[in-house]
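K.L.:
Please find protein_16.cif (mmCIF, C-alpha atoms, pLDDT in the B column; chains and numbers go by the auth columns) on the next line:
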```
data_work
#
loop_
_atom_site.group_PDB
_atom_site.id
_atom_site.type_symbol
_atom_site.label_atom_id
_atom_site.label_comp_id
_atom_site.label_asym_id
_atom_site.label_seq_id
_atom_site.Cartn_x
_atom_site.Cartn_y
_atom_site.Cartn_z
_atom_site.B_iso_or_equiv
_atom_site.auth_seq_id
_atom_site.auth_asym_id
ATOM 1 C CA PRO A 1 -28.245 36.321 -47.258 54.00 25 A
ATOM 2 C CA ALA A 2 -26.536 33.154 -46.022 54.00 26 A
ATOM 3 C CA ARG A 3 -27.136 32.224 -42.452 55.00 27 A
ATOM 4 C CA CYS A 4 -24.201 31.180 -40.282 53.00 28 A
ATOM 5 C CA ALA A 5 -24.462 28.785 -37.448 52.00 29 A
ATOM 6 C CA PRO A 6 -23.978 30.436 -34.088 53.00 30 A
ATOM 7 C CA GLU A 7 -20.489 30.106 -32.668 56.00 31 A
ATOM 8 C CA VAL A 8 -20.333 27.464 -29.951 48.00 32 A
ATOM 9 C CA HIS A 9 -17.617 27.333 -27.313 49.00 33 A
ATOM 10 C CA MET A 10 -17.028 24.247 -25.219 46.00 34 A
ATOM 11 C CA THR A 11 -14.511 23.552 -22.514 46.00 35 A
ATOM 12 C CA VAL A 12 -13.842 20.052 -21.197 44.00 36 A
ATOM 13 C CA THR A 13 -12.462 19.761 -17.714 43.00 37 A
ATOM 14 C CA ILE A 14 -11.636 16.851 -15.486 46.00 38 A
ATOM 15 C CA GLU A 15 -12.609 17.255 -11.891 48.00 39 A
ATOM 16 C CA PRO A 16 -9.669 16.765 -9.483 51.00 40 A
ATOM 17 C CA ALA A 17 -11.778 14.413 -7.349 51.00 41 A
ATOM 18 C CA ALA A 18 -12.473 12.217 -10.377 51.00 42 A
ATOM 19 C CA GLN A 19 -8.765 12.049 -11.148 50.00 43 A
ATOM 20 C CA ALA A 20 -7.931 11.072 -7.566 51.00 44 A
ATOM 21 C CA ALA A 21 -10.604 8.377 -7.525 60.00 45 A
ATOM 22 C CA THR A 22 -9.084 6.574 -10.500 77.00 46 A
ATOM 23 C CA ALA A 23 -5.390 7.144 -9.796 91.00 47 A
ATOM 24 C CA PRO A 24 -3.652 4.233 -8.073 96.00 48 A
ATOM 25 C CA LYS A 25 -2.283 4.874 -4.608 98.00 49 A
ATOM 26 C CA ASP A 26 1.455 5.253 -4.010 98.00 50 A
ATOM 27 C CA PRO A 27 2.917 2.128 -2.316 98.00 51 A
ATOM 28 C CA ARG A 28 5.408 4.317 -0.419 98.00 52 A
ATOM 29 C CA GLU A 29 2.484 5.540 1.672 98.00 53 A
ATOM 30 C CA LEU A 30 2.230 2.085 3.241 98.00 54 A
ATOM 31 C CA VAL A 31 5.321 2.630 5.433 98.00 55 A
ATOM 32 C CA THR A 32 7.267 5.502 6.938 98.00 56 A
ATOM 33 C CA ALA A 33 9.912 7.212 4.823 98.00 57 A
ATOM 34 C CA GLU A 34 12.598 5.790 7.131 98.00 58 A
ATOM 35 C CA MET A 35 11.355 2.219 6.708 98.00 59 A
ATOM 36 C CA PHE A 36 11.176 2.603 2.944 98.00 60 A
ATOM 37 C CA GLN A 37 14.678 4.074 2.701 98.00 61 A
ATOM 38 C CA ALA A 38 16.171 1.312 4.889 98.00 62 A
ATOM 39 C CA MET A 39 14.677 -1.321 2.572 98.00 63 A
ATOM 40 C CA VAL A 40 15.884 0.507 -0.537 98.00 64 A
ATOM 41 C CA GLU A 41 19.376 0.973 0.882 98.00 65 A
ATOM 42 C CA ASP A 42 19.759 -2.758 1.545 97.00 66 A
ATOM 43 C CA VAL A 43 18.749 -3.604 -2.034 97.00 67 A
ATOM 44 C CA VAL A 44 21.155 -1.003 -3.465 97.00 68 A
ATOM 45 C CA VAL A 45 24.082 -2.116 -1.308 97.00 69 A
ATOM 46 C CA PHE A 46 23.678 -5.892 -1.406 95.00 70 A
ATOM 47 C CA ASP A 47 22.331 -6.358 -4.933 95.00 71 A
ATOM 48 C CA LYS A 48 24.431 -3.572 -6.466 96.00 72 A
ATOM 49 C CA VAL A 49 21.528 -2.052 -8.391 97.00 73 A
ATOM 50 C CA THR A 50 20.502 1.521 -9.020 97.00 74 A
ATOM 51 C CA ARG A 51 18.421 3.391 -6.468 98.00 75 A
ATOM 52 C CA VAL A 52 15.622 3.801 -9.042 98.00 76 A
ATOM 53 C CA TYR A 53 15.480 0.012 -9.540 97.00 77 A
ATOM 54 C CA ALA A 54 15.588 -0.627 -5.780 98.00 78 A
ATOM 55 C CA GLU A 55 12.812 1.887 -5.089 98.00 79 A
ATOM 56 C CA ALA A 56 10.568 0.360 -7.752 98.00 80 A
ATOM 57 C CA GLY A 57 11.234 -3.135 -6.404 98.00 81 A
ATOM 58 C CA VAL A 58 10.517 -2.177 -2.807 98.00 82 A
ATOM 59 C CA GLU A 59 7.280 -0.515 -3.927 98.00 83 A
ATOM 60 C CA GLN A 60 6.195 -3.742 -5.636 98.00 84 A
ATOM 61 C CA PHE A 61 7.135 -5.850 -2.627 98.00 85 A
ATOM 62 C CA LEU A 62 5.022 -3.558 -0.432 98.00 86 A
ATOM 63 C CA VAL A 63 2.026 -4.038 -2.743 98.00 87 A
ATOM 64 C CA PHE A 64 2.592 -7.815 -2.552 97.00 88 A
ATOM 65 C CA LEU A 65 2.787 -7.634 1.254 97.00 89 A
ATOM 66 C CA LYS A 66 -0.388 -5.515 1.427 98.00 90 A
ATOM 67 C CA ALA A 67 -2.269 -7.975 -0.803 96.00 91 A
ATOM 68 C CA TRP A 68 -1.091 -10.900 1.306 93.00 92 A
ATOM 69 C CA GLY A 69 -2.154 -9.162 4.518 94.00 93 A
ATOM 70 C CA ASP A 70 -5.561 -8.272 3.069 95.00 94 A
ATOM 71 C CA THR A 71 -6.043 -11.888 1.983 92.00 95 A
ATOM 72 C CA MET A 72 -5.081 -13.193 5.420 89.00 96 A
ATOM 73 C CA ARG A 73 -7.524 -10.781 7.084 91.00 97 A
ATOM 74 C CA GLU A 74 -10.298 -12.053 4.796 90.00 98 A
ATOM 75 C CA VAL A 75 -9.773 -15.604 6.073 88.00 99 A
ATOM 76 C CA GLY A 76 -9.418 -14.466 9.673 87.00 100 A
ATOM 77 C CA GLY A 77 -5.742 -15.424 9.737 74.00 101 A
ATOM 78 C CA ASP A 78 -6.615 -19.128 9.578 79.00 102 A
ATOM 79 C CA PRO A 79 -3.590 -20.855 7.975 72.00 103 A
ATOM 80 C CA ARG A 80 -5.860 -23.663 6.737 78.00 104 A
ATOM 81 C CA ALA A 81 -7.757 -21.102 4.637 80.00 105 A
ATOM 82 C CA TRP A 82 -4.553 -19.503 3.359 75.00 106 A
ATOM 83 C CA VAL A 83 -4.780 -18.352 -0.245 78.00 107 A
ATOM 84 C CA LYS A 84 -1.469 -19.036 -1.939 81.00 108 A
ATOM 85 C CA PHE A 85 0.207 -16.609 -4.275 83.00 109 A
ATOM 86 C CA ALA A 86 3.877 -16.255 -5.018 85.00 110 A
ATOM 87 C CA PRO A 87 6.139 -13.328 -5.848 89.00 111 A
ATOM 88 C CA SER A 88 8.093 -13.092 -9.068 90.00 112 A
ATOM 89 C CA PRO A 89 11.831 -13.883 -8.835 90.00 113 A
ATOM 90 C CA ALA A 90 12.679 -10.161 -8.879 94.00 114 A
ATOM 91 C CA VAL A 91 10.253 -9.343 -6.054 94.00 115 A
ATOM 92 C CA ASP A 92 11.387 -12.429 -4.109 93.00 116 A
ATOM 93 C CA LYS A 93 14.914 -10.971 -4.082 94.00 117 A
ATOM 94 C CA ILE A 94 13.523 -7.758 -2.605 96.00 118 A
ATOM 95 C CA TRP A 95 11.730 -9.864 0.026 95.00 119 A
ATOM 96 C CA HIS A 96 14.998 -11.610 0.929 94.00 120 A
ATOM 97 C CA ARG A 97 16.826 -8.288 1.274 95.00 121 A
ATOM 98 C CA SER A 98 14.022 -6.869 3.385 96.00 122 A
ATOM 99 C CA MET A 99 14.203 -9.775 5.835 95.00 123 A
ATOM 100 C CA MET A 100 17.881 -9.091 6.531 94.00 124 A
ATOM 101 C CA ARG A 101 17.032 -6.036 8.652 95.00 125 A
ATOM 102 C CA THR A 102 14.765 -8.023 10.958 95.00 126 A
ATOM 103 C CA ARG A 103 13.429 -5.250 13.200 97.00 127 A
ATOM 104 C CA ASN A 104 12.543 -3.061 10.230 97.00 128 A
ATOM 105 C CA PHE A 105 10.992 -6.029 8.402 98.00 129 A
ATOM 106 C CA GLU A 106 8.884 -6.969 11.409 98.00 130 A
ATOM 107 C CA ALA A 107 7.654 -3.366 11.733 98.00 131 A
ATOM 108 C CA VAL A 108 6.924 -3.172 7.984 98.00 132 A
ATOM 109 C CA CYS A 109 4.963 -6.443 8.138 97.00 133 A
ATOM 110 C CA ASP A 110 2.944 -5.231 11.133 98.00 134 A
ATOM 111 C CA MET A 111 2.201 -1.885 9.486 98.00 135 A
ATOM 112 C CA VAL A 112 1.360 -3.168 5.991 98.00 136 A
ATOM 113 C CA ALA A 113 0.009 -6.703 6.507 96.00 137 A
ATOM 114 C CA GLY A 114 -1.017 -6.684 10.156 95.00 138 A
ATOM 115 C CA ARG A 115 1.199 -9.692 10.882 93.00 139 A
ATOM 116 C CA TYR A 116 4.679 -11.058 10.221 93.00 140 A
ATOM 117 C CA MET A 117 5.065 -12.623 6.781 91.00 141 A
ATOM 118 C CA HIS A 118 7.247 -15.710 6.935 88.00 142 A
ATOM 119 C CA HIS A 119 9.052 -16.836 3.806 86.00 143 A
ATOM 120 C CA LEU A 120 7.930 -20.358 2.924 80.00 144 A
ATOM 121 C CA PRO A 121 9.742 -21.604 -0.190 79.00 145 A
ATOM 122 C CA ILE A 122 7.584 -24.084 -2.046 80.00 146 A
ATOM 123 C CA MET A 123 7.074 -25.298 -5.594 83.00 147 A
ATOM 124 C CA ASP A 124 3.936 -27.162 -6.492 84.00 148 A
ATOM 125 C CA GLU A 125 1.553 -27.503 -9.420 88.00 149 A
ATOM 126 C CA ASP A 126 -0.459 -24.473 -8.323 83.00 150 A
ATOM 127 C CA ILE A 127 2.620 -22.267 -8.605 84.00 151 A
ATOM 128 C CA ARG A 128 4.049 -24.075 -11.644 85.00 152 A
ATOM 129 C CA SER A 129 0.784 -23.633 -13.582 85.00 153 A
ATOM 130 C CA GLY A 130 0.682 -19.883 -12.964 85.00 154 A
ATOM 131 C CA ALA A 131 -2.606 -20.075 -11.035 87.00 155 A
ATOM 132 C CA ALA A 132 -0.983 -18.782 -7.842 87.00 156 A
ATOM 133 C CA SER A 133 0.510 -15.863 -9.767 86.00 157 A
ATOM 134 C CA GLU A 134 -2.873 -14.962 -11.261 89.00 158 A
ATOM 135 C CA ARG A 135 -4.465 -14.942 -7.792 90.00 159 A
ATOM 136 C CA GLY A 136 -1.613 -12.774 -6.563 91.00 160 A
ATOM 137 C CA LEU A 137 -2.043 -10.270 -9.371 94.00 161 A
ATOM 138 C CA ALA A 138 -5.790 -10.065 -8.707 94.00 162 A
ATOM 139 C CA ALA A 139 -5.170 -9.523 -4.989 95.00 163 A
ATOM 140 C CA MET A 140 -2.538 -6.857 -5.687 96.00 164 A
ATOM 141 C CA ARG A 141 -4.842 -5.024 -8.108 96.00 165 A
ATOM 142 C CA ALA A 142 -7.577 -5.085 -5.463 96.00 166 A
ATOM 143 C CA THR A 143 -5.368 -3.122 -3.038 97.00 167 A
ATOM 144 C CA GLY A 144 -5.642 -0.005 -5.201 97.00 168 A
ATOM 145 C CA TYR A 145 -1.881 0.537 -5.049 98.00 169 A
ATOM 146 C CA ARG A 146 0.248 1.122 -8.134 97.00 170 A
ATOM 147 C CA LEU A 147 1.205 -2.159 -9.763 96.00 171 A
ATOM 148 C CA ASP A 148 4.075 -2.287 -12.266 96.00 172 A
ATOM 149 C CA LEU A 149 3.474 -5.403 -14.365 94.00 173 A
ATOM 150 C CA GLU A 150 7.087 -5.485 -15.569 94.00 174 A
ATOM 151 C CA TRP A 151 7.959 -6.804 -12.112 95.00 175 A
ATOM 152 C CA TRP A 152 5.319 -9.534 -12.270 91.00 176 A
ATOM 153 C CA LEU A 153 4.856 -10.888 -15.776 82.00 177 A
ATOM 154 C CA ASP A 154 8.103 -12.756 -16.295 65.00 178 A
ATOM 155 C CA GLY A 155 6.373 -16.156 -16.346 53.00 179 A
ATOM 156 C CA GLU A 156 8.527 -17.613 -13.608 52.00 180 A
ATOM 157 C CA SER A 157 8.094 -18.618 -10.025 53.00 181 A
ATOM 158 C CA CYS A 158 10.220 -17.353 -7.185 56.00 182 A
ATOM 159 C CA CYS A 159 11.035 -20.886 -6.150 55.00 183 A
ATOM 160 C CA PRO A 160 13.251 -23.367 -8.009 52.00 184 A
ATOM 161 C CA GLU A 161 11.951 -26.793 -8.996 52.00 185 A
ATOM 162 C CA ASN A 162 13.752 -28.543 -6.115 48.00 186 A
ATOM 163 C CA CYS A 163 11.746 -26.464 -3.650 51.00 187 A
ATOM 164 C CA ALA A 164 8.976 -28.981 -2.951 47.00 188 A
ATOM 165 C CA GLN A 165 8.406 -28.664 0.792 47.00 189 A
ATOM 166 C CA PRO A 166 4.791 -27.944 1.723 44.00 190 A
ATOM 167 C CA PRO A 167 4.227 -24.888 3.914 43.00 191 A
ATOM 168 C CA ARG A 168 4.307 -25.545 7.632 44.00 192 A
ATOM 169 C CA THR A 169 2.385 -23.603 10.188 42.00 193 A
ATOM 170 C CA VAL A 170 3.985 -22.823 13.485 41.00 194 A
#
```
With the file now loaded, output its structure as structure tokens.
P.N.:
Amino acid sequence: PARCAPEVHMTVTIEPAAQAATAPKDPRELVTAEMFQAMVEDVVVFDKVTRVYAEAGVEQFLVFLKAWGDTMREVGGDPRAWVKFAPSPAVDKIWHRSMMRTRNFEAVCDMVAGRYMHHLPIMDEDIRSGAASERGLAAMRATGYRLDLEWWLDGESCCPENCAQPPRTV
């Protein structure tokens, strides 16, 4: 008589803890729901975009702000050791809108970055070459928060060519 191989049953499962360890964190968790909604509302109203677009943009700005704050903490806040990276034009617009509501922006900066983030428009070879953008992407990835590359890989700087003032520290 022919022999049959024994029947083997196998179940593959993914542990919930393993899933959580690899899943990126939600940028909305960086601020209160009220802060997030105030930022989103300003983008919707002033830029006349959809709420979905505004929410995604604010999320990406928060990741940028977190990365900047982490970088500044690494250098002890010393402006001479500042590591430059620049937002994309789309995220820069979100930054501009966020600064309009100054009290909320100050609170968001304190909560996410640990300090106020001034906007220092500058264009130099470091930004023009894309090196500053690459450092920014690496710093944002290191935060562990969800990064949507469609907001970042447009190959442009946030600052126009005539923006050549070096950053000043106050």
K.L.:
For stretch 49-66 of chain A, please output as a list in words all residues within 8 Å (counting all atoms listed in the file; exclusion window: fewer than 5 positions along the same chain).
P.N.:
Asp71, Arg75, Ala78, Glu79, Val82, Glu83, Gln84, Leu86, Val87, Arg121, Ser122, Asn128, Val132, Met135, Val136, Gly168, Tyr169 and Arg170 of chain A
K.L.:
With C-alpha atoms kept, could you save the residues just selected as a PDB file, in the coordinates of the input?
P.N.:
```pdb
ATOM      1  CA  ASP A  71      22.331  -6.358  -4.933  1.00 95.00           C
ATOM      2  CA  ARG A  75      18.421   3.391  -6.468  1.00 98.00           C
ATOM      3  CA  ALA A  78      15.588  -0.627  -5.780  1.00 98.00           C
ATOM      4  CA  GLU A  79      12.812   1.887  -5.089  1.00 98.00           C
ATOM      5  CA  VAL A  82      10.517  -2.177  -2.807  1.00 98.00           C
ATOM      6  CA  GLU A  83       7.280  -0.515  -3.927  1.00 98.00           C
ATOM      7  CA  GLN A  84       6.195  -3.742  -5.636  1.00 98.00           C
ATOM      8  CA  LEU A  86       5.022  -3.558  -0.432  1.00 98.00           C
ATOM      9  CA  VAL A  87       2.026  -4.038  -2.743  1.00 98.00           C
ATOM     10  CA  ARG A 121      16.826  -8.288   1.274  1.00 95.00           C
ATOM     11  CA  SER A 122      14.022  -6.869   3.385  1.00 96.00           C
ATOM     12  CA  ASN A 128      12.543  -3.061  10.230  1.00 97.00           C
ATOM     13  CA  VAL A 132       6.924  -3.172   7.984  1.00 98.00           C
ATOM     14  CA  MET A 135       2.201  -1.885   9.486  1.00 98.00           C
ATOM     15  CA  VAL A 136       1.360  -3.168   5.991  1.00 98.00           C
ATOM     16  CA  GLY A 168      -5.642  -0.005  -5.201  1.00 97.00           C
ATOM     17  CA  TYR A 169      -1.881   0.537  -5.049  1.00 98.00           C
ATOM     18  CA  ARG A 170       0.248   1.122  -8.134  1.00 97.00           C
TER      19      ARG A 170
END
```
K.L.:
I need the residue nearest A:Ala91 from this list: A:Glu158, A:Ala163, A:Arg127, A:Val76. Use all atoms listed in the file for the distance.
P.N.:
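For A:Ala91, the nearest of the candidates is A:Ala163.
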K.L.:
Give as a list in words each residue that has an atom at most 10 Å from (5.1, -9.5, -13.6) in the file, counting all atoms listed in the file.
P.N.:
Gln84, Pro111, Ser112, Pro113, Ala114, Val115, Ser157, Glu158, Leu161, Leu171, Asp172, Leu173, Glu174, Trp175, Trp176, Leu177, Asp178, Gly179 and Glu180 of chain A
K.L.:
May I have the protein, DNA and RNA residues with any atom at most 7 Å from the point (-2.3, -22.1, -4.3), counting all atoms listed in the file, written as a list of chain:residue names?
P.N.:
A:Val107, A:Lys108, A:Phe109, A:Asp150, A:Ile151, A:Ala156
K.L.:
Which one is closest to A:Ile118: A:Ala155, A:Met147, A:Ala162, A:Leu89? Count only C-alpha atoms.
P.N.:
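Under the stated criterion, the closest residue is A:Leu89.
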K.L.:
If the PyMOL selection byres ((chain A and resi 96) around 12) is run on the structure shown, which residues does it catch, given as a ChimeraX atom specification?
P.N.:
/A:89-95,97-109,136-141,163
K.L.:
Give me, please, the distance in Å between atom CA of A:Lys72 and atom CA of A:His120, quoted to one decimal.
P.N.:
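Value for the atom CA of A:Lys72-atom CA of A:His120 distance: 14.4 Å.
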K.L.:
Just to confirm, what's the straight-line distance from atom CA of A:Met123 to atom CA of A:Ala110 in Å (one decimal)?
P.N.:
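These two atoms are separated by 16.3 Å.
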K.L.:
Atom CA of A:Tyr77 and atom CA of A:Thr46 are how many Å apart?
P.N.:
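Straight-line distance from atom CA of A:Tyr77 to atom CA of A:Thr46 works out to 25.4 Å.
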